[in-house]
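Visitor: Pasting data.tsv here (TSV, C-alpha atoms):
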```
chain	number	residue	atom	x	y	z
F	1	MET	CA	0.85	160.51	211.64
F	2	LYS	CA	2.66	163.67	212.63
F	3	LYS	CA	6.16	164.68	213.65
F	4	ALA	CA	6.71	166.96	216.62
F	5	ILE	CA	9.75	168.77	217.94
F	6	VAL	CA	10.14	169.95	221.54
F	7	PHE	CA	12.38	172.77	222.74
F	8	GLY	CA	12.77	172.82	226.50
F	9	ALA	CA	12.26	169.07	226.93
F	10	SER	CA	14.40	168.95	230.07
F	11	GLY	CA	12.26	171.58	231.82
F	12	PHE	CA	9.15	171.34	233.97
F	13	ILE	CA	6.51	171.63	231.25
F	14	GLY	CA	8.75	170.29	228.49
F	15	SER	CA	9.37	166.99	230.26
F	16	PHE	CA	5.62	166.39	230.48
F	17	LEU	CA	5.20	167.46	226.86
F	18	THR	CA	7.78	164.93	225.73
F	19	GLU	CA	6.20	162.18	227.79
F	20	GLU	CA	2.69	162.88	226.51
F	21	LEU	CA	3.77	163.21	222.87
F	22	LEU	CA	5.64	159.90	222.98
F	23	ARG	CA	2.51	158.26	224.36
F	24	ASP	CA	0.20	159.81	221.76
F	25	PRO	CA	-0.56	157.54	218.77
F	26	ASP	CA	-1.02	160.57	216.48
F	27	TYR	CA	2.74	161.19	216.49
F	28	GLU	CA	5.16	158.94	214.68
F	29	GLU	CA	8.30	160.86	215.70
F	30	VAL	CA	9.17	163.20	218.56
F	31	THR	CA	12.41	165.16	218.36
F	32	VAL	CA	13.87	166.87	221.42
F	33	VAL	CA	16.57	169.51	221.14
F	34	VAL	CA	18.58	169.52	224.36
F	35	ARG	CA	21.98	170.50	225.72
F	36	LYS	CA	22.43	167.18	227.52
F	37	ASN	CA	21.17	163.68	226.90
F	38	LEU	CA	17.86	163.08	228.70
F	39	HIS	CA	18.63	159.35	228.94
F	40	LEU	CA	15.19	158.52	227.60
F	41	ASN	CA	14.64	155.50	225.40
F	42	HIS	CA	11.63	155.23	223.13
F	43	PRO	CA	11.24	154.01	219.55
F	44	LYS	CA	9.62	157.32	218.51
F	45	LEU	CA	12.19	159.54	220.23
F	46	ARG	CA	14.94	161.34	218.35
F	47	THR	CA	17.40	163.31	220.49
F	48	VAL	CA	19.39	166.22	219.08
F	49	ILE	CA	22.12	167.48	221.39
F	50	GLY	CA	23.44	170.97	220.81
F	51	ASP	CA	23.77	174.54	221.98
F	52	PHE	CA	20.70	176.75	221.60
F	53	ALA	CA	23.03	179.64	220.84
F	54	ALA	CA	24.03	177.77	217.67
F	55	LEU	CA	20.66	176.48	216.46
F	56	GLU	CA	21.47	177.37	212.86
F	57	GLY	CA	24.04	174.59	212.91
F	58	LEU	CA	21.32	172.11	213.85
F	59	LYS	CA	18.96	173.20	211.08
F	60	GLU	CA	18.93	169.88	209.24
F	61	TYR	CA	17.56	168.18	212.38
F	62	ILE	CA	14.90	170.77	213.21
F	63	VAL	CA	12.21	169.19	211.06
F	64	ALA	CA	8.63	168.60	212.20
F	65	ASP	CA	5.00	169.35	211.44
F	66	GLU	CA	4.47	170.92	214.87
F	67	VAL	CA	6.81	172.87	217.14
F	68	PHE	CA	6.34	172.84	220.92
F	69	ILE	CA	8.33	175.45	222.85
F	70	ALA	CA	8.61	175.47	226.63
F	71	LEU	CA	11.89	177.32	226.96
F	72	GLY	CA	12.47	179.70	229.82
F	73	THR	CA	14.72	180.63	232.69
F	74	THR	CA	14.53	182.46	236.00
F	75	LYS	CA	16.17	185.57	237.38
F	76	ALA	CA	17.94	183.41	239.96
F	77	ASN	CA	19.45	181.12	237.31
F	78	THR	CA	20.09	183.89	234.78
F	79	PRO	CA	20.60	187.24	236.52
F	80	ASP	CA	22.09	188.86	233.41
F	81	GLN	CA	19.20	190.43	231.47
F	82	LYS	CA	20.90	190.03	228.10
F	83	LYS	CA	21.30	186.28	228.60
F	84	TYR	CA	17.80	186.05	230.05
F	85	TYR	CA	16.42	187.69	226.91
F	86	GLU	CA	18.31	185.23	224.72
F	87	VAL	CA	16.75	182.26	226.50
F	88	ASP	CA	13.21	183.62	226.77
F	89	HIS	CA	13.01	185.48	223.45
F	90	ASP	CA	15.80	184.81	220.98
F	91	TYR	CA	15.89	181.02	221.22
F	92	PRO	CA	12.10	180.48	220.90
F	93	VAL	CA	11.84	182.88	217.95
F	94	LEU	CA	14.83	181.38	216.14
F	95	ALA	CA	13.65	177.81	216.80
F	96	THR	CA	10.25	178.63	215.31
F	97	GLN	CA	11.81	180.34	212.30
F	98	ILE	CA	14.11	177.43	211.50
F	99	ALA	CA	11.32	174.88	211.90
F	100	GLN	CA	9.09	177.00	209.66
F	101	GLU	CA	11.77	177.09	206.98
F	102	ASN	CA	11.82	173.29	207.18
F	103	GLY	CA	8.06	173.00	206.70
F	104	ALA	CA	6.48	173.32	210.17
F	105	LYS	CA	2.88	174.53	210.03
F	106	SER	CA	2.03	175.01	213.71
F	107	VAL	CA	3.80	176.35	216.79
F	108	PHE	CA	2.73	175.95	220.42
F	109	VAL	CA	4.62	178.22	222.81
F	110	VAL	CA	4.42	178.84	226.56
F	111	THR	CA	4.69	182.48	227.65
F	112	ALA	CA	2.97	183.97	230.72
F	113	VAL	CA	-0.23	185.65	231.83
F	114	GLY	CA	-0.07	189.39	231.24
F	115	ALA	CA	2.54	189.19	228.46
F	116	ASN	CA	2.75	192.72	227.07
F	117	THR	CA	5.28	194.43	224.83
F	118	GLY	CA	4.46	197.76	226.46
F	119	SER	CA	5.06	196.66	230.05
F	120	SER	CA	7.68	198.34	232.22
F	121	VAL	CA	8.33	194.93	233.84
F	122	PHE	CA	11.21	193.21	232.04
F	123	TYR	CA	9.84	189.68	232.43
F	124	VAL	CA	6.36	190.56	231.16
F	125	ARG	CA	7.72	192.69	228.32
F	126	THR	CA	10.07	189.91	227.21
F	127	LYS	CA	7.22	187.41	227.04
F	128	GLY	CA	5.18	189.94	225.05
F	129	GLU	CA	8.00	190.49	222.57
F	130	THR	CA	8.43	186.74	222.19
F	131	GLU	CA	4.75	186.41	221.30
F	132	ARG	CA	4.90	189.35	218.93
F	133	ASP	CA	7.91	188.06	217.02
F	134	ILE	CA	6.67	184.49	216.75
F	135	ILE	CA	3.30	185.72	215.47
F	136	ALA	CA	5.16	187.87	212.93
F	137	LEU	CA	6.69	184.73	211.41
F	138	ASP	CA	3.18	184.08	210.09
F	139	LEU	CA	2.86	180.32	210.45
F	140	PRO	CA	-0.52	178.88	209.46
F	141	HIS	CA	-1.25	178.25	213.15
F	142	THR	CA	0.27	179.94	216.22
F	143	HIS	CA	-0.92	178.83	219.66
F	144	ILE	CA	0.17	180.85	222.70
F	145	PHE	CA	-0.27	179.51	226.22
F	146	ARG	CA	-0.27	182.03	229.06
F	147	PRO	CA	-0.23	180.28	232.44
F	148	SER	CA	-0.17	182.15	235.72
F	149	MET	CA	1.40	180.17	238.58
F	150	ILE	CA	2.73	176.84	237.29
F	151	MET	CA	1.83	174.21	239.86
F	152	GLY	CA	3.34	170.82	240.59
F	153	LYS	CA	6.46	169.34	242.09
F	154	ARG	CA	9.71	170.21	240.38
F	155	LYS	CA	12.84	168.09	240.49
F	156	GLU	CA	14.83	171.00	241.87
F	157	SER	CA	13.88	172.77	245.07
F	158	ARG	CA	12.57	176.35	244.81
F	159	MET	CA	11.61	177.52	248.28
F	160	MET	CA	9.83	180.74	247.26
F	161	GLU	CA	7.96	178.96	244.50
F	162	SER	CA	6.85	176.24	246.91
F	163	VAL	CA	5.39	178.92	249.17
F	164	LEU	CA	3.57	180.52	246.23
F	165	ILE	CA	2.18	177.17	245.08
F	166	LYS	CA	0.73	176.56	248.53
F	167	ALA	CA	-0.76	180.05	248.49
F	168	PHE	CA	-2.35	179.46	245.07
F	169	SER	CA	-3.88	176.22	246.32
F	170	VAL	CA	-5.88	178.41	248.67
F	171	ILE	CA	-6.41	181.34	246.29
F	172	ASN	CA	-7.50	179.34	243.21
F	173	PRO	CA	-11.06	178.59	244.39
F	174	LEU	CA	-11.55	182.31	245.06
F	175	LEU	CA	-10.75	183.33	241.48
F	176	ILE	CA	-14.21	182.62	240.11
F	177	SER	CA	-15.06	185.59	237.88
F	178	ASP	CA	-14.18	185.38	234.19
F	179	SER	CA	-11.77	188.31	234.54
F	180	LEU	CA	-9.85	186.59	237.36
F	181	LYS	CA	-9.83	182.97	236.19
F	182	LYS	CA	-6.80	183.58	233.99
F	183	TYR	CA	-4.74	184.13	237.14
F	184	ARG	CA	-5.49	180.68	238.53
F	185	GLY	CA	-2.54	178.37	239.01
F	186	ILE	CA	-2.34	175.34	236.73
F	187	GLU	CA	-0.41	172.07	236.87
F	188	ALA	CA	2.57	171.80	234.50
F	189	ARG	CA	1.29	168.46	233.21
F	190	ASP	CA	-2.09	170.04	232.45
F	191	ILE	CA	-0.40	172.76	230.40
F	192	ALA	CA	1.37	170.06	228.39
F	193	LYS	CA	-1.87	168.14	227.89
F	194	ALA	CA	-3.67	171.30	226.81
F	195	MET	CA	-0.98	172.07	224.23
F	196	ILE	CA	-1.31	168.63	222.67
F	197	ALA	CA	-5.11	168.79	222.79
F	198	ALA	CA	-4.95	172.14	220.98
F	199	ALA	CA	-2.97	170.47	218.21
F	200	LYS	CA	-5.92	168.14	217.63
F	201	LYS	CA	-8.42	171.02	217.38
F	202	PRO	CA	-7.26	173.41	214.65
F	203	ALA	CA	-8.10	176.99	215.59
F	204	GLY	CA	-7.62	180.20	213.65
F	205	LYS	CA	-4.39	181.84	212.64
F	206	VAL	CA	-3.48	182.92	216.17
F	207	LYS	CA	-5.04	181.51	219.35
F	208	ILE	CA	-4.23	182.59	222.92
F	209	TYR	CA	-5.00	180.31	225.86
F	210	HIS	CA	-5.34	181.42	229.47
F	211	TRP	CA	-6.37	179.15	232.37
F	212	GLN	CA	-9.98	178.89	231.25
F	213	GLU	CA	-9.16	177.97	227.64
F	214	MET	CA	-6.53	175.44	228.75
F	215	HIS	CA	-8.93	173.95	231.31
F	216	HIS	CA	-11.57	173.44	228.60
F	217	LEU	CA	-9.09	171.39	226.56
F	218	LEU	CA	-8.47	168.88	229.35
```
Output the file's structure in the form of structure tokens.
Guide:
Amino acid sequence: MKKAIVFGASGFIGSFLTEELLRDPDYEEVTVVVRKNLHLNHPKLRTVIGDFAALEGLKEYIVADEVFIALGTTKANTPDQKKYYEVDHDYPVLATQIAQENGAKSVFVVTAVGANTGSSVFYVRTKGETERDIIALDLPHTHIFRPSMIMGKRKESRMMESVLIKAFSVINPLLISDSLKKYRGIEARDIAKAMIAAAKKPAGKVKIYHWQEMHHLL
């Protein structure tokens, strides 16, 4: 029986992660670190409410065997690049570091297809630096998930994203070569399921999953 901790549990992928982990008999405890109460009730659920900017103060509660991170923001919600970087880079790296200090052996983190520390695109470079710095923490197992378009129906309305999702529904079947499959859109729930499936199949020190690798786990 394992203990898991989820960062980003109120988000699109994180909500599915929490739901799937609570349902999974392999986990005896699932901790979520959130800013606001999710109003979820489950005998295995432990909710820690706090500010991600002050994670050090929550250190005694950040205890688990496995760390699942689905933190992220958008340019629309966080136009300031410094704050954006905090959410997409600083918080995931610090969360992993604290959990590691408390005994965590594996981390599962969502970044994005094309993540690259050398990119001139801020979003892509930030995701690359997040990967780099989490890998540098040197946990026994680091799993990085790089989705392209994240499909599915969100609670909040995002008009441009809805248009893109419809476009990917048409484009996906055309992305058939191995070099293009990683750009296929994937359902948020399927990303969550793939992350949990990966936890049941120990890989090497560092494993990166694109669409094809995630699809094979489902």
Visitor: Between CA of Ile49 in chain F and CA of Val124 in chain F, what is the distance, to one decimal in Å?
Guide: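 These atoms are spaced 29.6 Å apart.
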Visitor: Quick one: pull the distance between CA of His42 in chain F and CA of Ser15 in chain F, Å, one decimal.
Guide: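 A separation of 13.9 Å between them.
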Visitor: So that I can see what lies close to Gln212 in chain F, please list as a count of residues only the residues with an atom at most 7 Å from it, counting all atoms listed in the file and leaving out residues fewer than 2 positions away in the same chain.
Guide: 6
Visitor: Restricting the calculation to only C-alpha atoms: of F:Arg184, F:Arg125, F:Arg35, F:Arg132, which residue gets closest to Pro147 in chain F?
Guide: F:Arg184
Visitor: Set the distance at 8 Å and use only C-alpha atoms: which residues neighbour Thr96 in chain F once local chain neighbours fewer than 2 positions away are removed? I'd like the list as JSON, numbers by chain.
Guide: {"F": [67, 92, 93, 94, 98, 99, 100, 107, 134]}
Visitor: Residues as selected, C-alpha atoms, written as a compact mmCIF listing (two decimals), in the coordinates of the input, can you do that?
Guide:
```txt
# COMPACT_ATOMS: atom_id res chain seq x y z
CA VAL F 67 6.81 172.87 217.14
CA PRO F 92 12.10 180.48 220.90
CA VAL F 93 11.84 182.88 217.95
CA LEU F 94 14.83 181.38 216.14
CA ILE F 98 14.11 177.43 211.50
CA ALA F 99 11.32 174.88 211.90
CA GLN F 100 9.09 177.00 209.66
CA VAL F 107 3.80 176.35 216.79
CA ILE F 134 6.67 184.49 216.75
```
Visitor: Compute the distance from (19.4, 182.2, 235.6) to each atom, counting only C-alpha atoms, keep the residues with any atom at most 12 Å away, and return them as a PyMOL selection string; use the coordinates of the file.
Guide: chain F and resi 72-88
Visitor: Would you mind reading off the distance between CA of Lys2 in chain F and CA of Lys105 in chain F, one decimal, in Å?
Guide: 11.2 Å
Visitor: When distances are computed from all atoms listed in the file, which of F:Ala70, F:Leu180, F:Leu22, F:Ala136 shows the smallest separation from Asn41 in chain F?
Guide: F:Leu22
Visitor: Within 12 Å of (16.3, 168.9, 213.4) (coordinates as in the file), grab all the protein and nucleic acid residues, counting only C-alpha atoms, and write them out as a PyMOL selection string.
Guide: chain F and resi 3-7+29-34+46-50+55-65+67+95-96+98-104
Visitor: With distances taken over all atoms listed in the file, which of F:Ala194, F:Val113, F:Ile208, F:Leu218 is nearest to Leu21 in chain F?
Guide: F:Ala194
Visitor: Closest to Ala115 in chain F among F:Ser169, F:Phe52, F:Pro140, F:Tyr209, using only C-alpha atoms?
Guide: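 Going through F:Ser169, F:Phe52, F:Pro140, F:Tyr209 one by one, the smallest distance to Ala115 in chain F is for F:Tyr209.
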Visitor: Go through F:Pro25, F:Ala9, F:Ile69, F:Asp190 one by one, measure the shortest atom-to-atom distance of each to Leu40 in chain F using all atoms listed in the file, and give the residue with the smallest value.
Guide: F:Ala9
